[in-house]
Structures are given as C-alpha cells and as structure tokens.
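J.: Please see the structure below; I have some questions.
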Amino acid sequence: MSLSFQKYQGLGNDFLLLDNRQQPTLRLSPQEARHWCDRHFGVGADGVIFLLAGTGDCDYQMRMYNADGSVAEMCGNGIRCLAKFIFELEGRTCGETVSYRIDTLAGVMVPHIQADGQVTVDMGTPQLLAQQIPTTLTAPDAKVIEVPLTVADRPWLVTCVSMGNPHCVTFVEDVAAIPLETLGPLFEHHAVFPQRTNTEFVQVLGGDRLRMRVWERGAGMTLACGTGACATVVAAVLTGRLKADAAGQAQATVELPGGDLHIRWDVHSQHLYMTGPAVAVFRGTLDTQ
Ligand SMILES: N[C@@H](CCC[C@H](N)C(=O)O)C(=O)O
C-alpha cells in the first residue's frame with residue numbers, strides 16, 4: 001500500500017504529516033511510525049502527525065506519535081505545521097489569514113495563520129499540580145516549583161508544567177555546558193515521572209530572552225519544542241525570573257537551537273500564545289505492507 005505524506009518543519013523540529021480524514025483509525029501503527037521516523041532506515045522525523053476529520057465544534061483533529069512510536073498528547077511546533085498543511089489542502093493562497101479549531105489529546109488548540117505566514121497558536125492553559133504533570137515529586141495537589149531532584153548524582157531544582165504533555169524545567173547558568181545527551185534520558189525515565197517527561201534546560205539572557213535546550217520524551221534531543229518553550233515561560237514566571245507587564249502579559253523570546261519562538265502568557269486568562277514559523281520541506285510516498 002502507498003501512503004502520501006508531506007514533510008514539514010518548525011524551527012528544525014520535523015514531522016511527517018498524513019491526511020487521515022477519510023478514516024477514524026490512524027493509517028500507521030506505532031511500529032510503522034517508529035520505522036518511518038528513523039533517519040537511516042526511514043524518512044527521518046521527530047514524529048508523525050495525523051490530520052483527522054473534525055468532531056463537535058472543532059474543524060479538525062490532530063493525533064501524533066513521537067519518533068519512538070509513543071503517543072504524544074500535543075506538539076506545539078507540530079500544530080503550526082499541521083495548520084499550514086490544512087491551509088494547503090484547502091487550496092488557500094499565500095497571504096490569506098485563517099484560524100482553525102483543532103481537537104488534540106490535550107484539548108482544543110487554535111492556530112491562526114498570519115498574512116506573513118507565521119502561525120500563532122492559542123495553546124490553552126498550563127496545568128501545574130503534581131498529579132496533572134504527572135509527577136510524584138510533591139504531594140499530588142501541590143505545585144512543583146524549584147523542587148530538588150537528584151539526577152546523575154547532582155541536585156537540580158526543577159519546575160514542572162503540563163501543557164497537556166509533561167515538562168520538567170531547570171534553570172542553569174550556561175545551557176551550552178549541559179551534557180544533554182547524558183542527562184536527557186535520565187530525566188525522561190526518572191521514577192518520579194510515571195509517564196516520562198520532556199526536559200528543558202534554560203538560561204536567562206536578560207531583556208526577556210531565554211535560551212533553551214530540550215530533550216524530548218520519545219524523540220531525544222530536538223532543535224526546538226513549542227510546548228517546551230511555553231512551559232519554560234510559565235516556569236520563568238513562577239520562579240520570579242520573568243515578570244508580567246502592566247497589562248498582565250508575560251512575554252519572552254525563547255532561543256532554541258533551531259531558531260526563536262515568541263511566547264506570551266496572559267496571566268488573566270492563563271492562556272499561552274506561541275508564534276513561530278512552519279515550513280513545507282517535501283512530499284513523498286511511503287510504501288507500507
Ligand atoms: N516537539 C513538540 C513536542 C512533541 C511531543 C513530546 N515529545 C511529548 O512526548 O510530549 C513540541 O513542539 O511541542
């Protein structure tokens with residue numbers, strides 16, 4: 001069987017996008033997704049994203065596998081890519097602006113395609129209680145703000161945020177000095193995170209700029225993470241490293257290895273807004289069994 005796909009990337013976080021609107025079941029199994037994401041034996045990607053027909057008051061549904069075949073509830077860079085994929089499938093033209101209501105396993109997200117091609121996504125509200133992350137680091141109904149966690153025989157102060165998916169954020173003096181490939185898997189699989197975790201190391205640069213490196217659950221070291229950038233801004237506010245302005249907006253540019261994301265947290269509504277690029281790379285055909 002042949003399956004058409006399109007490859008997209010958002011700041012180097014890359015995905016295979018499949019049009020799954022004709023059927024309710026996903027057109028690839030977790031094992032097939034893992035195979036096609038492999039950079040040597042497959043196409044190569046950080047994940048596979050499926051576009052399904054909408055239900056209720058949503059225009060479409062998004063479902064996702066990480067590169068290891070595990071299910072991810074949400075993906076910030078991925079949903080920008082999905083919005084551009086839909087824009088193209090609907091035959092829209094460059095410069096048009098449009099918003100979509102997308103059902104995800106983390107709730108309804110609303111990407112808005114701007115005239116300049118950038119995509120701003122209403123990412124919903126962060127969840128902060130330990131049971132919502134989930135983590136056993138504190139009591140289930142307590143927040144996890146700068147809580148000590150020992151990893152690789154070193155104490156770290158971690159702040160946990162769920163953007164529908166779990167994030168563990170640690171502020172450090174110098175992100176470049178962090179051995180991410182060694183530490184990342186130890187955080188991801190730590191016993192205090194029953195559903196594993198995405199892990200962000202963040203350096204405050206000043207002037208509302210944060211530099212972040214990420215180890216993603218199910219994908220490893222990636223060039224960018226949209227939900228991770230949102231979690232980072234929330235963690236920066238919770239720990240007093242970033243202040244909201246007089247209008248109640250906490251904003252930062254998050255520098256990632258793949259480029260910059262602009263994140264705004266409206267502390268009144270608690271909604272997070274992420275703005276960044278999404279670019280089509282190539283299209284192709286997967287030969288499946
Ligand atoms: N790259 C993503 C997050 C993808 C899902 C993540 N690996 C997870 O398992 O939660 C983003 O841009 O948010």
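Each chain in the structure tokens gets a letter, A, B and so on, in the order shown; residues start at 1 in every chain, and ligands are counted from 1 in the order they appear.
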If you run DSSP on the backbone here, which positions in stretch 132-231 of chain A get strand (DSSP E)? Please write them as an NGL selection string.
T.: :A and (147-151 or 154-162 or 166-171 or 198-206 or 209-216 or 220-222)
J.: Include N, CA and C atoms and write out the residues we just selected as a compact mmCIF listing (two decimals), in the first residue's frame.
T.:
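The result, stored in out_28.txt:
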# COMPACT_ATOMS: atom_id res chain seq x y z
N VAL A 147 11.79 22.36 42.97
CA VAL A 147 11.86 21.23 43.90
C VAL A 147 13.15 20.45 43.61
N PRO A 148 13.89 20.06 44.66
CA PRO A 148 15.15 19.35 44.41
C PRO A 148 14.90 17.95 43.81
N LEU A 149 15.71 17.62 42.84
CA LEU A 149 15.66 16.29 42.21
C LEU A 149 17.11 15.87 41.92
N THR A 150 17.46 14.69 42.37
CA THR A 150 18.83 14.23 42.13
C THR A 150 18.87 13.42 40.84
N VAL A 151 19.72 13.86 39.93
CA VAL A 151 19.92 13.14 38.66
C VAL A 151 21.43 13.12 38.40
N ARG A 154 23.70 14.57 40.99
CA ARG A 154 23.73 16.02 41.19
C ARG A 154 22.35 16.51 41.58
N PRO A 155 22.26 17.47 42.49
CA PRO A 155 20.94 18.02 42.82
C PRO A 155 20.56 19.10 41.80
N TRP A 156 19.31 19.03 41.31
CA TRP A 156 18.79 20.02 40.36
C TRP A 156 17.52 20.60 40.98
N LEU A 157 17.22 21.87 40.69
CA LEU A 157 15.95 22.44 41.16
C LEU A 157 15.02 22.47 39.97
N VAL A 158 13.94 21.68 40.02
CA VAL A 158 13.09 21.54 38.84
C VAL A 158 11.70 22.14 39.06
N THR A 159 11.16 22.70 37.98
CA THR A 159 9.80 23.25 37.98
C THR A 159 9.04 22.49 36.90
N CYS A 160 7.90 21.93 37.28
CA CYS A 160 7.17 21.08 36.32
C CYS A 160 5.88 21.76 35.85
N VAL A 161 5.63 21.63 34.56
CA VAL A 161 4.47 22.26 33.92
C VAL A 161 3.90 21.26 32.92
N SER A 162 2.58 21.11 32.94
CA SER A 162 1.96 20.31 31.88
C SER A 162 1.32 21.26 30.87
N PRO A 166 3.94 16.45 29.58
CA PRO A 166 4.74 16.79 30.76
C PRO A 166 6.08 17.47 30.44
N HIS A 167 6.39 18.50 31.23
CA HIS A 167 7.67 19.21 31.07
C HIS A 167 8.32 19.42 32.42
N CYS A 168 9.64 19.24 32.45
CA CYS A 168 10.44 19.45 33.65
C CYS A 168 11.51 20.48 33.29
N VAL A 169 11.40 21.67 33.89
CA VAL A 169 12.25 22.80 33.50
C VAL A 169 13.29 23.08 34.58
N THR A 170 14.55 23.22 34.17
CA THR A 170 15.62 23.53 35.12
C THR A 170 16.39 24.75 34.61
N PHE A 171 16.51 25.77 35.46
CA PHE A 171 17.28 26.97 35.08
C PHE A 171 18.75 26.75 35.43
N ASN A 198 9.32 15.44 29.14
CA ASN A 198 10.18 16.27 28.30
C ASN A 198 11.02 17.10 29.27
N THR A 199 12.25 17.41 28.90
CA THR A 199 13.17 18.08 29.83
C THR A 199 13.80 19.30 29.17
N GLU A 200 13.68 20.44 29.83
CA GLU A 200 14.22 21.68 29.29
C GLU A 200 15.26 22.27 30.23
N PHE A 201 16.41 22.63 29.70
CA PHE A 201 17.42 23.40 30.44
C PHE A 201 17.39 24.81 29.88
N VAL A 202 17.32 25.77 30.79
CA VAL A 202 17.06 27.15 30.37
C VAL A 202 18.04 28.12 31.02
N GLN A 203 18.51 29.05 30.19
CA GLN A 203 19.41 30.11 30.67
C GLN A 203 18.69 31.45 30.46
N VAL A 204 18.68 32.27 31.49
CA VAL A 204 18.06 33.60 31.36
C VAL A 204 19.10 34.54 30.77
N LEU A 205 18.76 35.13 29.62
CA LEU A 205 19.73 36.01 28.96
C LEU A 205 19.51 37.47 29.33
N GLY A 206 18.36 37.78 29.91
CA GLY A 206 18.04 39.18 30.22
C GLY A 206 17.27 39.79 29.07
N ARG A 209 14.71 37.56 27.16
CA ARG A 209 15.18 36.50 26.26
C ARG A 209 15.63 35.31 27.11
N LEU A 210 15.15 34.13 26.72
CA LEU A 210 15.51 32.90 27.41
C LEU A 210 16.14 31.95 26.38
N ARG A 211 17.21 31.29 26.78
CA ARG A 211 17.81 30.30 25.85
C ARG A 211 17.51 28.91 26.39
N MET A 212 17.02 28.04 25.52
CA MET A 212 16.56 26.74 26.00
C MET A 212 17.09 25.61 25.12
N ARG A 213 17.47 24.52 25.78
CA ARG A 213 17.78 23.28 25.04
C ARG A 213 16.86 22.20 25.60
N VAL A 214 16.43 21.31 24.71
CA VAL A 214 15.39 20.35 25.11
C VAL A 214 15.80 18.91 24.79
N TRP A 215 15.40 18.04 25.70
CA TRP A 215 15.42 16.60 25.47
C TRP A 215 13.97 16.16 25.48
N GLU A 216 13.47 15.72 24.32
CA GLU A 216 12.05 15.39 24.24
C GLU A 216 11.77 13.93 24.57
N GLY A 220 14.15 12.38 21.90
CA GLY A 220 15.53 12.73 22.23
C GLY A 220 15.81 14.21 22.01
N MET A 221 17.07 14.51 21.66
CA MET A 221 17.46 15.91 21.51
C MET A 221 16.89 16.44 20.20
N THR A 222 16.07 17.47 20.28
CA THR A 222 15.50 18.06 19.06
C THR A 222 15.92 19.53 18.99
J.: Return as a VMD selection string the residues of protein, DNA or RNA that approach ligand 1 to within 9 Å, with only C-alpha atoms and all ligand atoms taken into account.
T.: chain A and resid 10 13 to 14 46 to 47 64 to 67 70 to 80 163 to 167 196 to 198 215 to 220 222 to 230
J.: Residues of stretch 52-95 of chain A in helix (DSSP H, G or I) according to DSSP, as a ChimeraX atom specification?
T.: /A:76-89
J.: Could you please take those selected residues and save N, CA and C atoms as a short mmCIF file (atom, residue, chain, number, x, y, z; two decimals), in the first residue's frame?
T.:
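Once everything was written out, this is result_33.cif:
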data_model
loop_
_atom_site.label_atom_id
_atom_site.label_comp_id
_atom_site.auth_asym_id
_atom_site.auth_seq_id
_atom_site.Cartn_x
_atom_site.Cartn_y
_atom_site.Cartn_z
N GLY A 76 3.63 21.58 19.98
CA GLY A 76 3.50 22.99 19.61
C GLY A 76 4.01 23.28 18.21
N ASN A 77 5.23 22.82 17.91
CA ASN A 77 5.74 23.04 16.55
C ASN A 77 4.91 22.25 15.55
N GLY A 78 4.47 21.08 15.97
CA GLY A 78 3.69 20.22 15.08
C GLY A 78 2.35 20.83 14.71
N ILE A 79 1.71 21.52 15.64
CA ILE A 79 0.38 22.06 15.33
C ILE A 79 0.50 23.26 14.38
N ARG A 80 1.62 23.97 14.45
CA ARG A 80 1.84 25.04 13.44
C ARG A 80 1.99 24.40 12.06
N CYS A 81 2.76 23.30 12.01
CA CYS A 81 2.95 22.60 10.73
C CYS A 81 1.61 22.06 10.22
N LEU A 82 0.82 21.50 11.13
CA LEU A 82 -0.48 20.95 10.73
C LEU A 82 -1.37 22.05 10.16
N ALA A 83 -1.34 23.22 10.77
CA ALA A 83 -2.18 24.33 10.28
C ALA A 83 -1.78 24.69 8.85
N LYS A 84 -0.47 24.71 8.57
CA LYS A 84 -0.01 25.02 7.21
C LYS A 84 -0.40 23.91 6.22
N PHE A 85 -0.36 22.68 6.70
CA PHE A 85 -0.75 21.51 5.89
C PHE A 85 -2.23 21.64 5.50
N ILE A 86 -3.07 22.00 6.47
CA ILE A 86 -4.51 22.18 6.21
C ILE A 86 -4.72 23.33 5.22
N PHE A 87 -4.01 24.41 5.45
CA PHE A 87 -4.10 25.61 4.60
C PHE A 87 -3.86 25.21 3.14
N GLU A 88 -2.86 24.35 2.95
CA GLU A 88 -2.53 23.90 1.59
C GLU A 88 -3.60 22.95 1.05
N LEU A 89 -4.06 22.01 1.89
CA LEU A 89 -5.10 21.06 1.45
C LEU A 89 -6.39 21.79 1.07
#
J.: Excluding same-chain residues fewer than 4 positions from A:Leu3, what lies within 9 Å of it counting only C-alpha atoms, as a compact mmCIF listing (two decimals) with C-alpha atoms, in the first residue's frame?
T.:
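To be explicit, this is the file written out as around_15.txt:
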# COMPACT_ATOMS: atom_id res chain seq x y z
CA LEU A 18 -0.56 12.37 6.85
CA ARG A 27 -3.17 4.98 8.97
CA GLY A 284 6.58 11.72 -0.89
CA THR A 285 5.08 8.26 -0.70
CA LEU A 286 5.52 5.62 1.99
CA ASP A 287 5.38 2.00 0.80
CA THR A 288 3.74 0.12 3.66
J.: Find the residues near A:Gln118: any atom within 8 Å, counting only C-alpha atoms, skip ones fewer than 6 places away on the same chain, and give them as a short mmCIF file (atom, residue, chain, number, x, y, z; two decimals) with C-alpha atoms, in the first residue's frame.
T.:
data_model
loop_
_atom_site.label_atom_id
_atom_site.label_comp_id
_atom_site.auth_asym_id
_atom_site.auth_seq_id
_atom_site.Cartn_x
_atom_site.Cartn_y
_atom_site.Cartn_z
CA THR A 275 4.23 32.40 17.46
CA GLY A 276 6.71 30.89 15.04
CA PRO A 277 7.29 29.52 11.55
CA ALA A 278 6.18 26.29 9.88
#
J.: What's the 6 Å shell around A:Ile102, counting only C-alpha atoms, without same-chain residues fewer than 2 positions away, as a VMD selection string?
T.: chain A and resid 58 60 to 61 108 to 109
J.: Quick one: distance from atom CA of A:Ile133 to atom CA of A:Pro194 in Å, one decimal?
T.: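 Going from atom CA of A:Ile133 over to atom CA of A:Pro194, I get 9.4 Å.
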J.: I want to know what sits within 12 Å of A:Ala246, based on only C-alpha atoms, with residues of the same chain fewer than 3 positions away left out; could you give that as a list in words?
T.: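 Close residues of A:Ala246: Lys243, Gln249, Ala250, Gln251, Asp266, Val267 and His268 of chain A.
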J.: Using only C-alpha atoms for the distances, tell me which of A:Leu11, A:Val43, A:Val175, A:Cys94 is nearest to A:Ile113.
T.: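 Closest candidate: A:Cys94.
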J.: Name all residues at most 12 Å from A:Gly69 (count only C-alpha atoms; drop same-chain ones fewer than 6 positions away) and give them as a tab-separated table (two decimals) with N, CA and C atoms, in the first residue's frame.
T.:
chain	number	residue	atom	x	y	z
A	28	LEU	N	-1.11	4.67	10.24
A	28	LEU	CA	0.16	3.99	10.57
A	28	LEU	C	0.08	3.46	11.99
A	29	SER	N	0.69	2.30	12.23
A	29	SER	CA	0.78	1.77	13.60
A	29	SER	C	1.96	2.47	14.29
A	30	PRO	N	2.05	2.35	15.62
A	30	PRO	CA	3.21	2.93	16.32
A	30	PRO	C	4.53	2.38	15.78
A	31	GLN	N	4.56	1.09	15.44
A	31	GLN	CA	5.79	0.47	14.92
A	31	GLN	C	6.16	1.06	13.57
A	32	GLU	N	5.13	1.27	12.72
A	32	GLU	CA	5.41	1.87	11.40
A	32	GLU	C	5.89	3.31	11.56
A	33	ALA	N	5.29	4.04	12.50
A	33	ALA	CA	5.71	5.42	12.72
A	33	ALA	C	7.17	5.45	13.15
A	34	ARG	N	7.51	4.55	14.05
A	34	ARG	CA	8.89	4.47	14.53
A	34	ARG	C	9.85	4.20	13.36
A	35	HIS	N	9.43	3.28	12.49
A	35	HIS	CA	10.27	2.94	11.33
A	35	HIS	C	10.46	4.16	10.42
A	36	TRP	N	9.35	4.85	10.07
A	36	TRP	CA	9.46	5.95	9.12
A	36	TRP	C	10.17	7.16	9.70
A	37	CYS	N	10.15	7.30	11.03
A	37	CYS	CA	10.87	8.42	11.66
A	37	CYS	C	12.38	8.17	11.73
A	38	ASP	N	12.80	6.94	11.56
A	38	ASP	CA	14.22	6.63	11.65
A	38	ASP	C	15.00	7.38	10.55
A	45	ALA	N	12.32	11.83	10.99
A	45	ALA	CA	11.46	12.87	11.56
A	45	ALA	C	11.44	12.72	13.08
A	46	ASP	N	11.01	13.80	13.74
A	46	ASP	CA	10.85	13.75	15.20
A	46	ASP	C	9.49	13.18	15.59
A	47	GLY	N	8.60	13.03	14.60
A	47	GLY	CA	7.29	12.48	14.90
A	47	GLY	C	6.42	12.39	13.67
A	48	VAL	N	5.27	11.71	13.81
A	48	VAL	CA	4.28	11.61	12.73
A	48	VAL	C	2.99	12.26	13.23
A	49	ILE	N	2.41	13.11	12.40
A	49	ILE	CA	1.18	13.82	12.78
A	49	ILE	C	0.08	13.47	11.79
A	217	ARG	N	10.72	13.75	25.33
A	217	ARG	CA	10.20	12.40	25.56
A	217	ARG	C	9.92	11.75	24.20
A	218	GLY	N	10.45	10.58	23.99
A	218	GLY	CA	10.11	9.82	22.78
A	218	GLY	C	10.81	10.28	21.51
A	219	ALA	N	11.64	11.33	21.59
A	219	ALA	CA	12.31	11.82	20.38
A	219	ALA	C	13.77	12.19	20.64
